[in-house]
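Data first, discussion second: the structure below is written as structure tokens.
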Amino acid sequence: MVTIMSDVMFGFGAMRLDLEDENNPSSINFDDVTEMIDYYMDQGFNYFDTSYAYHNGASEEALRIGLVERYPRESFKIADKIPTWALRSEKDNQKFVDIMLERLGTDFFDVLLIHNINESFLQIAENCNTFDYIKRMKEEGIAKKIGISYHDRSDLLEEILEKYGDAIDVVQLQLNYLDWESKLTESRKNYEICEKYGKEVIVMEPIKGGTLYNLPDTIKEKFQDNGMTLVEAALRFAGSHENVKVVLSGVGNLEQMKENCEVFKPFEPMSEEENEFVLEMANEIKELIAIDCSYCGYCLKECPAGIPIPDFFELYNSEKMYSLPSLHAIYGTTAAANAPASACTECESCMAICTQKLDIPTLLKDVVDTFE
């Protein structure tokens with residue numbers, strides 16, 4: 001049953017910003033980002049989500065230039081994340097936070113999260129006493145709220161909340177209708193654990209990195225027949241749960257920003273009938289998506305061969321849906337500018353950081369078979 005909510009906030013996710021050079025994730029188009037920030041703030045929204053890792057640090061700098069240096073600090077909220085996988089000692093907690101605050105040009109976070117907690121990275125956070133660290137940051141006023149961004153099974157989340165519940169105000173969860181009953185991401189089960197422990201939920205990946213937007217016309221028409229656009233359906237499903245306070249969307253241009261804002265002016269929770277419809281559609285969509293990638297890009301830094309893994313997975317998924325000759329040309333161009341999928345050495349360094357728990361080396365072989 002869907003609980004009616006009306007105070008859910010649309011959050012500006014600053015992880016997929018417009019680039020001047022598609023091959024350089026740091027080359028953010030600051031003019032475009034500033035234009036999006038102005039439109040977003042003008043619509044009455046004020047929650048910005050970034051990370052030490054997004055755009056190799058340029059995301060935080062973009063928010064400083066377009067937001068912090070141009071608006072009163074009390075007029076907006078910023079959430080940022082400590083890069084768990086990069087921690088080597090307890091001192092690194094402070095080192096990274098100092099860098100994050102400097103990049104943002106602020107002296108406090110509205111929300112400070114431990115980034116991408118899963119079974120592997122939980123051990124790193126515990127070894128570096130990061131849970132105690134963020135608790136101290138809240139006590140010292142450096143962070144107003146603290147918590148984790150989480151990508152793993154529900155039983156582990158319950159263990160974490162049982163052990164560190166006093167150091168967690170919010171949990172940032174991957175939550176969308178495609179993953180609601182997933183046995184890997186366990187969106188529903190993880191949400192229910194947060195509800196059980198009374199934790200606020202911030203939703204990430206409500207459109208699953210654009211997957212729930214880039215669907216065939218036959219699927220799009222079924223949503224239109226039920227009075228919804230693809231984006232509207234995804235965002236409304238994510239926001240129609242009692243403990244959800246913010247729904248993030250990684251907008252990349254002004255057109256996307258306008259479309260996302262419209263869904264929340266005002267926000268209309270899904271009816272039970274609409275909820276049932278999108279969950280039925282999830283089963284149909286799953287049959288079309290070959291690789292369950294959210295295109296977050298975390299794997300890119302881990303690949304010693306420099307393979308643009310998310311780009312290749314997106315091309316592969318598109319090929320399985322549409323089978324267009326142009327996709328092979330795009331693959332060739334991308335592989336020539338970076339590295340082909342066949343350059344994979346199966347080192348598996350990408351797998352620990354994959355939020356979707358994909359067997360990336362094996363899937364890259366499928367890409368090779370299709371495009372090479």
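As shown in the structure tokens, the chain order sets the letters A, B, ...; within each chain, residues go from 1, and ligands are also counted from 1 in the order they appear.
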All strand (DSSP E) residues (DSSP, backbone) inside stretch 31-152 of chain A, as an NGL selection string: :A and (47-49 or 77-82 or 109-117 or 143-150)
Could you give me, as a ChimeraX atom specification, each residue of stretch 155-242 of chain A that DSSP assigns to alpha helix (DSSP H) when run on this structure's backbone? /A:155-164,187-196,217-225,230-239
Please produce an output containing N, CA, C and O atoms for each residue in the selection, written as a compact mmCIF listing (two decimals), in the first residue's frame.
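Listed below is the output, part-v9.txt:
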# COMPACT_ATOMS: atom_id res chain seq x y z
N ASP A 155 19.35 -7.27 4.74
CA ASP A 155 19.75 -7.80 6.04
C ASP A 155 21.02 -7.10 6.55
O ASP A 155 21.17 -6.87 7.76
N LEU A 156 21.92 -6.71 5.64
CA LEU A 156 23.10 -5.97 6.05
C LEU A 156 22.72 -4.57 6.51
O LEU A 156 23.27 -4.05 7.49
N LEU A 157 21.77 -3.94 5.82
CA LEU A 157 21.31 -2.61 6.24
C LEU A 157 20.74 -2.67 7.65
O LEU A 157 21.00 -1.78 8.47
N GLU A 158 19.98 -3.71 7.94
CA GLU A 158 19.42 -3.83 9.29
C GLU A 158 20.53 -3.98 10.33
O GLU A 158 20.46 -3.38 11.42
N GLU A 159 21.56 -4.74 10.01
CA GLU A 159 22.69 -4.87 10.93
C GLU A 159 23.34 -3.51 11.19
O GLU A 159 23.70 -3.19 12.32
N ILE A 160 23.49 -2.72 10.12
CA ILE A 160 24.12 -1.41 10.25
C ILE A 160 23.27 -0.48 11.11
O ILE A 160 23.79 0.21 12.01
N LEU A 161 21.96 -0.45 10.86
CA LEU A 161 21.09 0.44 11.63
C LEU A 161 20.97 -0.02 13.09
O LEU A 161 20.82 0.81 14.00
N GLU A 162 21.06 -1.30 13.30
CA GLU A 162 21.04 -1.82 14.68
C GLU A 162 22.30 -1.39 15.43
O GLU A 162 22.25 -1.04 16.61
N LYS A 163 23.43 -1.38 14.73
CA LYS A 163 24.72 -1.08 15.35
C LYS A 163 25.02 0.41 15.40
O LYS A 163 25.56 0.91 16.40
N TYR A 164 24.66 1.14 14.34
CA TYR A 164 25.04 2.55 14.24
C TYR A 164 23.83 3.48 14.14
O TYR A 164 23.96 4.61 13.66
N SER A 187 15.23 -2.81 -3.36
CA SER A 187 14.70 -1.47 -3.04
C SER A 187 13.60 -1.51 -1.99
O SER A 187 13.63 -0.76 -1.01
N ARG A 188 12.61 -2.36 -2.21
CA ARG A 188 11.48 -2.40 -1.26
C ARG A 188 11.94 -2.84 0.13
O ARG A 188 11.59 -2.20 1.13
N LYS A 189 12.70 -3.90 0.19
CA LYS A 189 13.14 -4.41 1.49
C LYS A 189 14.01 -3.40 2.22
O LYS A 189 13.88 -3.21 3.43
N ASN A 190 14.91 -2.73 1.49
CA ASN A 190 15.74 -1.71 2.13
C ASN A 190 14.91 -0.54 2.62
O ASN A 190 15.15 -0.02 3.72
N TYR A 191 13.93 -0.13 1.81
CA TYR A 191 13.06 0.96 2.25
C TYR A 191 12.31 0.56 3.53
O TYR A 191 12.20 1.34 4.48
N GLU A 192 11.80 -0.65 3.56
CA GLU A 192 11.04 -1.11 4.73
C GLU A 192 11.91 -1.19 5.99
O GLU A 192 11.42 -0.94 7.09
N ILE A 193 13.19 -1.51 5.83
CA ILE A 193 14.11 -1.49 6.97
C ILE A 193 14.25 -0.07 7.50
O ILE A 193 14.24 0.17 8.71
N CYS A 194 14.40 0.90 6.59
CA CYS A 194 14.49 2.31 7.01
C CYS A 194 13.23 2.74 7.74
O CYS A 194 13.28 3.46 8.75
N GLU A 195 12.10 2.32 7.23
CA GLU A 195 10.82 2.65 7.86
C GLU A 195 10.75 2.03 9.26
O GLU A 195 10.31 2.67 10.22
N LYS A 196 11.20 0.80 9.38
CA LYS A 196 11.19 0.09 10.66
C LYS A 196 12.02 0.83 11.72
O LYS A 196 11.62 0.92 12.88
N ASP A 217 9.03 3.21 -27.79
CA ASP A 217 7.76 3.93 -27.92
C ASP A 217 6.57 3.08 -27.46
O ASP A 217 5.59 3.61 -26.94
N THR A 218 6.66 1.76 -27.64
CA THR A 218 5.54 0.91 -27.22
C THR A 218 5.32 0.99 -25.72
O THR A 218 4.17 0.98 -25.24
N ILE A 219 6.40 1.09 -24.96
CA ILE A 219 6.30 1.24 -23.50
C ILE A 219 5.82 2.64 -23.16
O ILE A 219 4.94 2.83 -22.31
N LYS A 220 6.40 3.64 -23.83
CA LYS A 220 6.02 5.03 -23.57
C LYS A 220 4.53 5.25 -23.79
O LYS A 220 3.86 5.94 -23.01
N GLU A 221 3.99 4.64 -24.83
CA GLU A 221 2.57 4.80 -25.14
C GLU A 221 1.67 4.21 -24.05
O GLU A 221 0.60 4.76 -23.76
N LYS A 222 2.10 3.12 -23.45
CA LYS A 222 1.30 2.52 -22.38
C LYS A 222 1.23 3.44 -21.17
O LYS A 222 0.20 3.54 -20.51
N PHE A 223 2.34 4.12 -20.87
CA PHE A 223 2.33 5.09 -19.77
C PHE A 223 1.44 6.29 -20.14
O PHE A 223 0.68 6.78 -19.30
N GLN A 224 1.54 6.76 -21.37
CA GLN A 224 0.72 7.89 -21.80
C GLN A 224 -0.76 7.54 -21.74
O GLN A 224 -1.58 8.38 -21.38
N ASP A 225 -1.10 6.31 -22.09
CA ASP A 225 -2.49 5.87 -22.00
C ASP A 225 -3.00 5.89 -20.57
O ASP A 225 -4.22 5.98 -20.34
N LEU A 230 7.03 9.09 -18.86
CA LEU A 230 7.97 8.15 -18.24
C LEU A 230 8.66 8.77 -17.04
O LEU A 230 8.82 8.12 -16.00
N VAL A 231 9.08 10.02 -17.16
CA VAL A 231 9.75 10.71 -16.05
C VAL A 231 8.80 10.90 -14.88
O VAL A 231 9.15 10.66 -13.72
N GLU A 232 7.60 11.34 -15.18
CA GLU A 232 6.61 11.57 -14.12
C GLU A 232 6.33 10.28 -13.36
O GLU A 232 6.28 10.28 -12.12
N ALA A 233 6.17 9.18 -14.06
CA ALA A 233 5.88 7.91 -13.41
C ALA A 233 7.01 7.51 -12.47
O ALA A 233 6.78 7.08 -11.33
N ALA A 234 8.25 7.65 -12.93
CA ALA A 234 9.40 7.25 -12.12
C ALA A 234 9.53 8.12 -10.87
O ALA A 234 9.73 7.60 -9.76
N LEU A 235 9.41 9.44 -11.02
CA LEU A 235 9.58 10.33 -9.88
C LEU A 235 8.43 10.21 -8.89
O LEU A 235 8.64 10.24 -7.67
N ARG A 236 7.23 10.06 -9.39
CA ARG A 236 6.08 9.94 -8.49
C ARG A 236 6.09 8.63 -7.72
O ARG A 236 5.75 8.60 -6.54
N PHE A 237 6.52 7.55 -8.37
CA PHE A 237 6.64 6.29 -7.63
C PHE A 237 7.65 6.44 -6.50
O PHE A 237 7.39 6.03 -5.36
N ALA A 238 8.80 7.03 -6.80
CA ALA A 238 9.85 7.17 -5.79
C ALA A 238 9.40 8.01 -4.61
O ALA A 238 9.74 7.72 -3.46
N GLY A 239 8.61 9.06 -4.88
CA GLY A 239 8.22 9.97 -3.81
C GLY A 239 7.00 9.58 -3.01
O GLY A 239 6.68 10.21 -2.00
Could you build a table of the residues in stretch 265-306 of chain A lying no more than 12 Å from stretch 28-52 of chain A, giving for each the nearest pair of atoms and their separation in Å rounded to one decimal place, using only C-alpha atoms, ordered by chain and ascending residue number, as a tab-separated table?
residue	atom	partner	partner_atom	distance
A:Lys265	CA	A:Gln43	CA	8.4
A:Pro266	CA	A:Gln43	CA	10.8
A:Tyr298	CA	A:Ser51	CA	11.7
Got a sec: who's within 6 Å of stretch 105-109 of chain A, counting only C-alpha atoms, leaving out chain neighbours fewer than 5 positions off, as a PyMOL selection string? chain A and resi 64+78+142-143
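Taking atom CA of A:Glu61 as the reference point, atom CA of A:Phe96 is found at 14.4 Å.
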Under the rule that only C-alpha atoms are counted, which of A:Asn56, A:Ser318, A:Asn118, A:Asn253 is the nearest residue to A:Thr185?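 Looking only at the distances to A:Thr185, the closest residue turns out to be A:Asn118.
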Could you check the closest approach to A:Asn243 for each of A:Val203, A:Val278, A:Ile309, A:Ala167 and tell me which residue wins, using only C-alpha atoms?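 Using only C-alpha atoms, A:Asn243 sits closest to A:Val203.
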To one decimal place, how far is atom CA of A:Val201 from atom CA of A:Val244 in Å?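 It comes out at 4.6 Å.
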Taking only C-alpha atoms into account, which of A:Met9, A:Asn129, A:Ile202, A:Glu20 comes nearest A:Ala79?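 With only C-alpha atoms as the atom set, the closest residue is A:Ile202.
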Have a look at atom CA of A:Leu17 and atom CA of A:Val251 and let me know their distance in Å, one decimal. 6.7 Å
Check the smallest atom-to-atom distance from each of A:Arg16, A:Lys138, A:His55, A:Lys77 to A:Lys301 using only C-alpha atoms, then report the winner.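 For A:Lys301, the nearest of the candidates is A:His55.
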So that I can see what lies close to A:Glu186, please list as number ranges by chain the residues with an atom at most 9 Å from it, counting only C-alpha atoms and leaving out residues fewer than 5 positions away in the same chain. A: 152-154, 174-175, 179-181, 191
